[in-house]
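Heads up, the thing below is written out as structure tokens.
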Amino acid sequence: MNRAGRLRDESPRDPARPGLWLGLMMGCIGIVAGLRFSGAVGAPVGFILLALSFTLLIPATRAMNRSRNCTTSTAGRRYNTGIMVASLAYVAGLGIAVRIHDQMTLSPSVMFFVALLPTIPTLAVIYVMGRYVVEEQDEYLRHRAIQASLIGLGAVLAVGSFWGFLETFELVPHVPGWWTVPVYAMGMGLAQCWMSLRNRADGES
């Protein structure tokens, strides 16, 4: 089905409202990041709040799988579920790894395996995305996923470069490299929301 036909078939009012859940999640993540960087909350409390924010992925994924505007294929629903599971595993693995590092003194060889706890889910995200691009038969949906991924990558490059220069000039504190994953996810999520809103506006016109 081409894009024009899809827009005619889509309902302008989506009862699932995945954008609401994604917006709430990204808003909570932004608030937690602001509290953490400002020093208003410590590392343990900040991570707990961040983990709670990511649990909004569960209702968001369910809404996306029910939404005609977000998912119309089996490959898309499998992609949404895979990203949700890998993202939650990433947050859990990151929290456990950071906690072990802060509370225990381990040899470098053991810490190498501890560092794999958040790394393996990151690789899983890459696998799920690549699998979706291969399995999705709808050219428009595949193009939309690739476009969102590129926007997420652009967000990583822009934010990383800008923050890196600020850090070089000693204007901001150092940020660990693993923050690229949340920035990428937020950029991709915002891109998906923007494309859904654009399609809805095109359908109403």
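FYI, nothing fancy with the structure tokens labels: chains A, B, ... in order, residues from 1 per chain, ligands from 1 as they appear.
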### Message
Which of segment 21-202 of chain A end up as helix (DSSP H, G or I) when DSSP is run on this backbone - answer as JSON, numbers by chain?
### Response
{"A": [21, 22, 23, 24, 25, 26, 27, 28, 29, 30, 31, 32, 33, 34, 35, 36, 37, 38, 43, 44, 45, 46, 47, 48, 49, 50, 51, 52, 53, 54, 57, 58, 59, 60, 61, 62, 63, 64, 65, 66, 74, 75, 76, 77, 78, 79, 80, 81, 82, 83, 84, 85, 86, 87, 88, 89, 90, 91, 92, 93, 94, 95, 96, 97, 98, 99, 100, 101, 102, 103, 108, 109, 110, 111, 112, 113, 114, 115, 116, 117, 118, 119, 120, 121, 122, 123, 124, 125, 126, 127, 128, 129, 130, 131, 132, 133, 134, 135, 139, 140, 141, 142, 143, 144, 145, 146, 147, 148, 149, 150, 151, 152, 153, 154, 155, 156, 157, 158, 159, 160, 161, 162, 163, 164, 165, 166, 167, 168, 177, 178, 179, 180, 181, 182, 183, 184, 185, 186, 187, 188, 189, 190, 191, 192, 193, 194, 195, 196, 197, 198, 199, 200, 201, 202]}
So that I can see what lies close to Gly154 of chain A, please list as a CSV table (one decimal) with C-alpha atoms, in the first residue's frame the residues with an atom at most 12 Å from it, counting only C-alpha atoms and leaving out residues fewer than 5 positions away in the same chain.
```
chain,number,residue,atom,x,y,z
A,147,GLN,CA,14.4,8.0,8.6
A,148,ALA,CA,13.8,7.9,12.4
A,149,SER,CA,17.0,6.1,13.0
A,159,VAL,CA,24.5,16.7,21.0
A,160,GLY,CA,27.8,14.8,21.4
A,161,SER,CA,29.8,17.3,19.4
A,180,THR,CA,24.8,8.3,23.5
A,183,VAL,CA,20.1,10.5,23.3
A,184,TYR,CA,19.8,8.3,20.3
A,185,ALA,CA,16.6,6.7,21.6
A,186,MET,CA,15.1,10.1,22.5
A,187,GLY,CA,16.0,11.5,19.0
A,188,MET,CA,14.4,8.4,17.3
A,191,ALA,CA,11.2,11.6,15.1
```
#### Entry: Option closest in space to Asp138 of chain A, from A:Thr74, A:Ser67, A:Thr55, A:Asn199 [counting only C-alpha atoms]
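Once distances to Asp138 of chain A are computed over only C-alpha atoms, the minimum belongs to A:Thr74.
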### Query
Nearest to Ile126 of chain A: which of A:Ile100, A:Val156, A:Ile83, A:Ala145 is it, counting only C-alpha atoms?
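When distances to Ile126 of chain A are compared using only C-alpha atoms, the smallest one comes from A:Ile83.
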#### Entry: Selection near Ile48 of chain A, 12 Å with only C-alpha atoms, sequence-local residues under 4 positions removed, as a ChimeraX atom specification
/A:28-29,32-33,36,41-44,52-55,91-92,94-96,99
Could you write out the selected residues, including N, CA and C atoms, as a compact mmCIF listing (two decimals), in the first residue's frame?
```txt
# COMPACT_ATOMS: atom_id res chain seq x y z
N CYS A 28 9.74 12.75 31.50
CA CYS A 28 10.28 12.28 32.79
C CYS A 28 11.80 12.12 32.72
N ILE A 29 12.29 11.57 31.60
CA ILE A 29 13.74 11.40 31.45
C ILE A 29 14.44 12.75 31.46
N VAL A 32 14.51 14.07 35.05
CA VAL A 32 15.49 13.35 35.85
C VAL A 32 16.91 13.78 35.48
N ALA A 33 17.17 13.93 34.17
CA ALA A 33 18.50 14.37 33.74
C ALA A 33 18.81 15.76 34.28
N ARG A 36 19.57 15.47 37.93
CA ARG A 36 20.87 14.81 38.16
C ARG A 36 22.03 15.76 37.88
N VAL A 41 19.56 15.65 42.99
CA VAL A 41 19.42 14.26 43.45
C VAL A 41 20.75 13.54 43.25
N GLY A 42 21.01 12.56 44.08
CA GLY A 42 22.23 11.78 43.98
C GLY A 42 22.12 10.68 42.95
N ALA A 43 23.22 9.95 42.76
CA ALA A 43 23.27 8.89 41.75
C ALA A 43 22.25 7.79 42.00
N PRO A 44 22.13 7.24 43.22
CA PRO A 44 21.16 6.15 43.40
C PRO A 44 19.73 6.58 43.14
N LEU A 52 12.37 4.12 36.57
CA LEU A 52 10.91 4.23 36.62
C LEU A 52 10.38 4.93 35.37
N SER A 53 11.13 5.91 34.86
CA SER A 53 10.71 6.59 33.65
C SER A 53 10.67 5.63 32.47
N PHE A 54 11.66 4.76 32.39
CA PHE A 54 11.73 3.82 31.27
C PHE A 54 10.63 2.76 31.32
N THR A 55 10.03 2.53 32.49
CA THR A 55 8.94 1.56 32.55
C THR A 55 7.73 2.04 31.76
N VAL A 91 18.66 -0.58 30.70
CA VAL A 91 18.56 0.24 31.92
C VAL A 91 18.91 -0.60 33.14
N ALA A 92 18.37 -1.83 33.20
CA ALA A 92 18.68 -2.71 34.34
C ALA A 92 20.16 -3.06 34.39
N LEU A 94 22.67 -1.42 33.07
CA LEU A 94 23.46 -0.22 33.41
C LEU A 94 23.43 0.05 34.90
N GLY A 95 22.25 -0.03 35.49
CA GLY A 95 22.15 0.22 36.93
C GLY A 95 22.94 -0.77 37.75
N ILE A 96 22.85 -2.05 37.37
CA ILE A 96 23.59 -3.08 38.11
C ILE A 96 25.09 -2.88 37.95
N ARG A 99 26.26 0.13 39.94
CA ARG A 99 26.19 -0.16 41.37
C ARG A 99 27.35 -1.07 41.81
```
### Query
Any idea what the distance is between atom CA of Trp163 of chain A and atom CA of Pro108 of chain A?
29.0 Å
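Between Leu50 of chain A and the candidates A:Arg62, A:Val110, A:His101, A:Pro182, the tightest atom-to-atom separation, counting only C-alpha atoms, involves A:Pro182.
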### Query
Out of A:Ile58, A:Ser87, A:Gly19, A:Gly39, which residue has the shortest atom-to-atom distance to Val128 of chain A when counting only C-alpha atoms?
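Checking each of A:Ile58, A:Ser87, A:Gly19, A:Gly39 against Val128 of chain A, counting only C-alpha atoms, the winner is A:Ser87.
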### Message
Nearest residue to Met25 of chain A out of A:Thr81, A:Thr61, A:Thr168, A:Ser38, using only C-alpha atoms?
### Response
A:Thr61
### Task
State, in Å with one decimal place, the distance from atom CA of Val133 of chain A to atom CA of Val85 of chain A.
18.2 Å
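With distances restricted to only C-alpha atoms, A:Ala75 is the closest residue to Arg142 of chain A from A:Met111, A:Leu123, A:Ala75, A:Ala89.
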